[in-house]
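Notes for the one structure printed next.
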Amino acid sequence: MPLKLLKNETEDRLIIERVMYARRYTLQLDKTRCVGCEICQTVCPREAITIIKPIRVEGEKLQKPRIDIDVEKCQYCGICNAICPFGALELRINGEKTIPVVNAESFPELIREITIDSSKCPIDCNECEEACPLNLIKVRIITPDGEEVKDLSSYPDKDRLKVEVSLDKDHCPVCRICEAKCPYDAIHTSKIIHGFIRVNSELCPDGCRDCVDVCPIPNVLYILENGKVSVNELFCIYCGVCRVVCPVEGALELRRTSIRHKPVKSGAWNKALEKLTSTVDMTKELRSKAIARIQDSVKRRFVWRVS
């Protein structure tokens, strides 16, 4: 039994804690990164996470949903920490960052595939930094000694300068906008979540733009001249916050078909995958993995016999 259950909420943070004799579990939500999507609530095995929908105020942009965490239900397994595409949740045990379900290989880490070749970047370009909707990219101009140059006009030998591009990968949902905006083919990415999203404009209420207001990635959802919502799937990350706030059932259809993740051996992930995608899509992934394991086993046997 816990000695204490603690909950503290500020404008930017929600922190819950379970204090035991030998351990202190802390789960922190960074509200500045959380977009109020449905992913963590969907996979939580204890139903400890609740989405609180925003209230529309006439004439104002709709605020994003927020999440609440039940301090009594949470078991600090780390599933929400592992699955959040924005890295908005962080679990600590006795002050140390950890994800128990990942450490136990019962739940996977997401694959955030982003490569940046800064050798292709000219010193006068910061397109990727300006394009990133979450301000996760920083472009620095550095001297051969590693010092940052703030004012290019004051540096005489510009040929010796180099570009350093840094990315906060842990909080990147891989929308791919940086890759599309880079004019020098220096950035290559692959989405974490694949799927599709459709808007039935006939069901959209006149003047409604709730989904557009809360979408964390600019121009994925936008308003047509007729006032209806349309979608550009190229940069959609399929987080589902649009579906959370949509006031009309059936007006917005979102389906996740696959999630890129590191290898895992667990039924817990299978259950989560079924909730996040569908039984059909989960079966496809499991079948493809089974085939891959068989192929790998055959290759190993062949190598062993040859050797």
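Residues in the structure tokens are numbered from 1 in each chain, the chains being A, B, ... in the order shown, and ligands are numbered from 1 in the order shown.
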Inset, instruction - Tell me, as JSON, numbers by chain, which residues lie within 10 Å of A:Met20, counting only C-alpha atoms; anything in the same chain fewer than 3 positions away does not count. - result: {"A": [1, 2, 3, 4, 5, 17, 23, 24, 25]}
Take the residues just selected and output them with C-alpha atoms as a compact mmCIF listing (two decimals), in the first residue's frame.
# COMPACT_ATOMS: atom_id res chain seq x y z
CA MET A 1 0.00 0.00 0.00
CA PRO A 2 1.29 3.48 -0.83
CA LEU A 3 2.16 5.82 2.00
CA LYS A 4 0.93 8.80 -0.01
CA LEU A 5 -0.85 9.58 -3.25
CA GLU A 17 3.03 10.64 -7.37
CA ARG A 23 10.19 3.85 -4.02
CA ARG A 24 8.70 7.08 -5.22
CA TYR A 25 6.83 6.96 -8.54
Legend entry - Selection near A:Glu90, 12 Å with only C-alpha atoms, sequence-local residues under 4 positions removed, as a VMD selection string: chain A and resid 13 to 17 25 to 31 33 to 34 76 to 84 86 95 to 100 170 to 171
Inset, instruction - In Å, rounded to a single decimal, give me how far atom CA of A:Phe107 is from atom CA of A:Gly267. - result: 8.8 Å
Inset, instruction - Write out as an MDAnalysis selection string all residues of stretch 109-251 of chain A that DSSP puts in helix (DSSP H, G or I) for this structure's backbone. - result: chainID A and resid 118:120 127:131 152:154 158:160 169:171 177:181 210:214 233:235 241:245
Inset, instruction - Considering only C-alpha atoms, return as a PyMOL selection string whatever protein or nucleic-acid residues lie within 8 Å of A:Ser118, sequence-local ones (same chain, fewer than 4 positions apart) excluded. - result: chain A and resi 163-165+186
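Note that atom CA of A:Arg176 and atom CA of A:Ile123 are 22.0 Å apart.
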Legend entry - Pick from A:Asp159, A:Asn200, A:Glu60, A:Val139, whichever lies nearest to A:Val229 using only C-alpha atoms: A:Asn200
Inset, instruction - Between A:Glu47, A:Glu58, A:Glu113, A:Glu253, single out the one closest to A:Gln75, counting only C-alpha atoms. - result: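 That would be A:Glu47, the residue with the smallest distance to A:Gln75.
Using only C-alpha atoms, the shortest contact distance between A:Lys169 and any of A:Leu110, A:Ile223, A:Ile217, A:Ile49 is found at A:Leu110.
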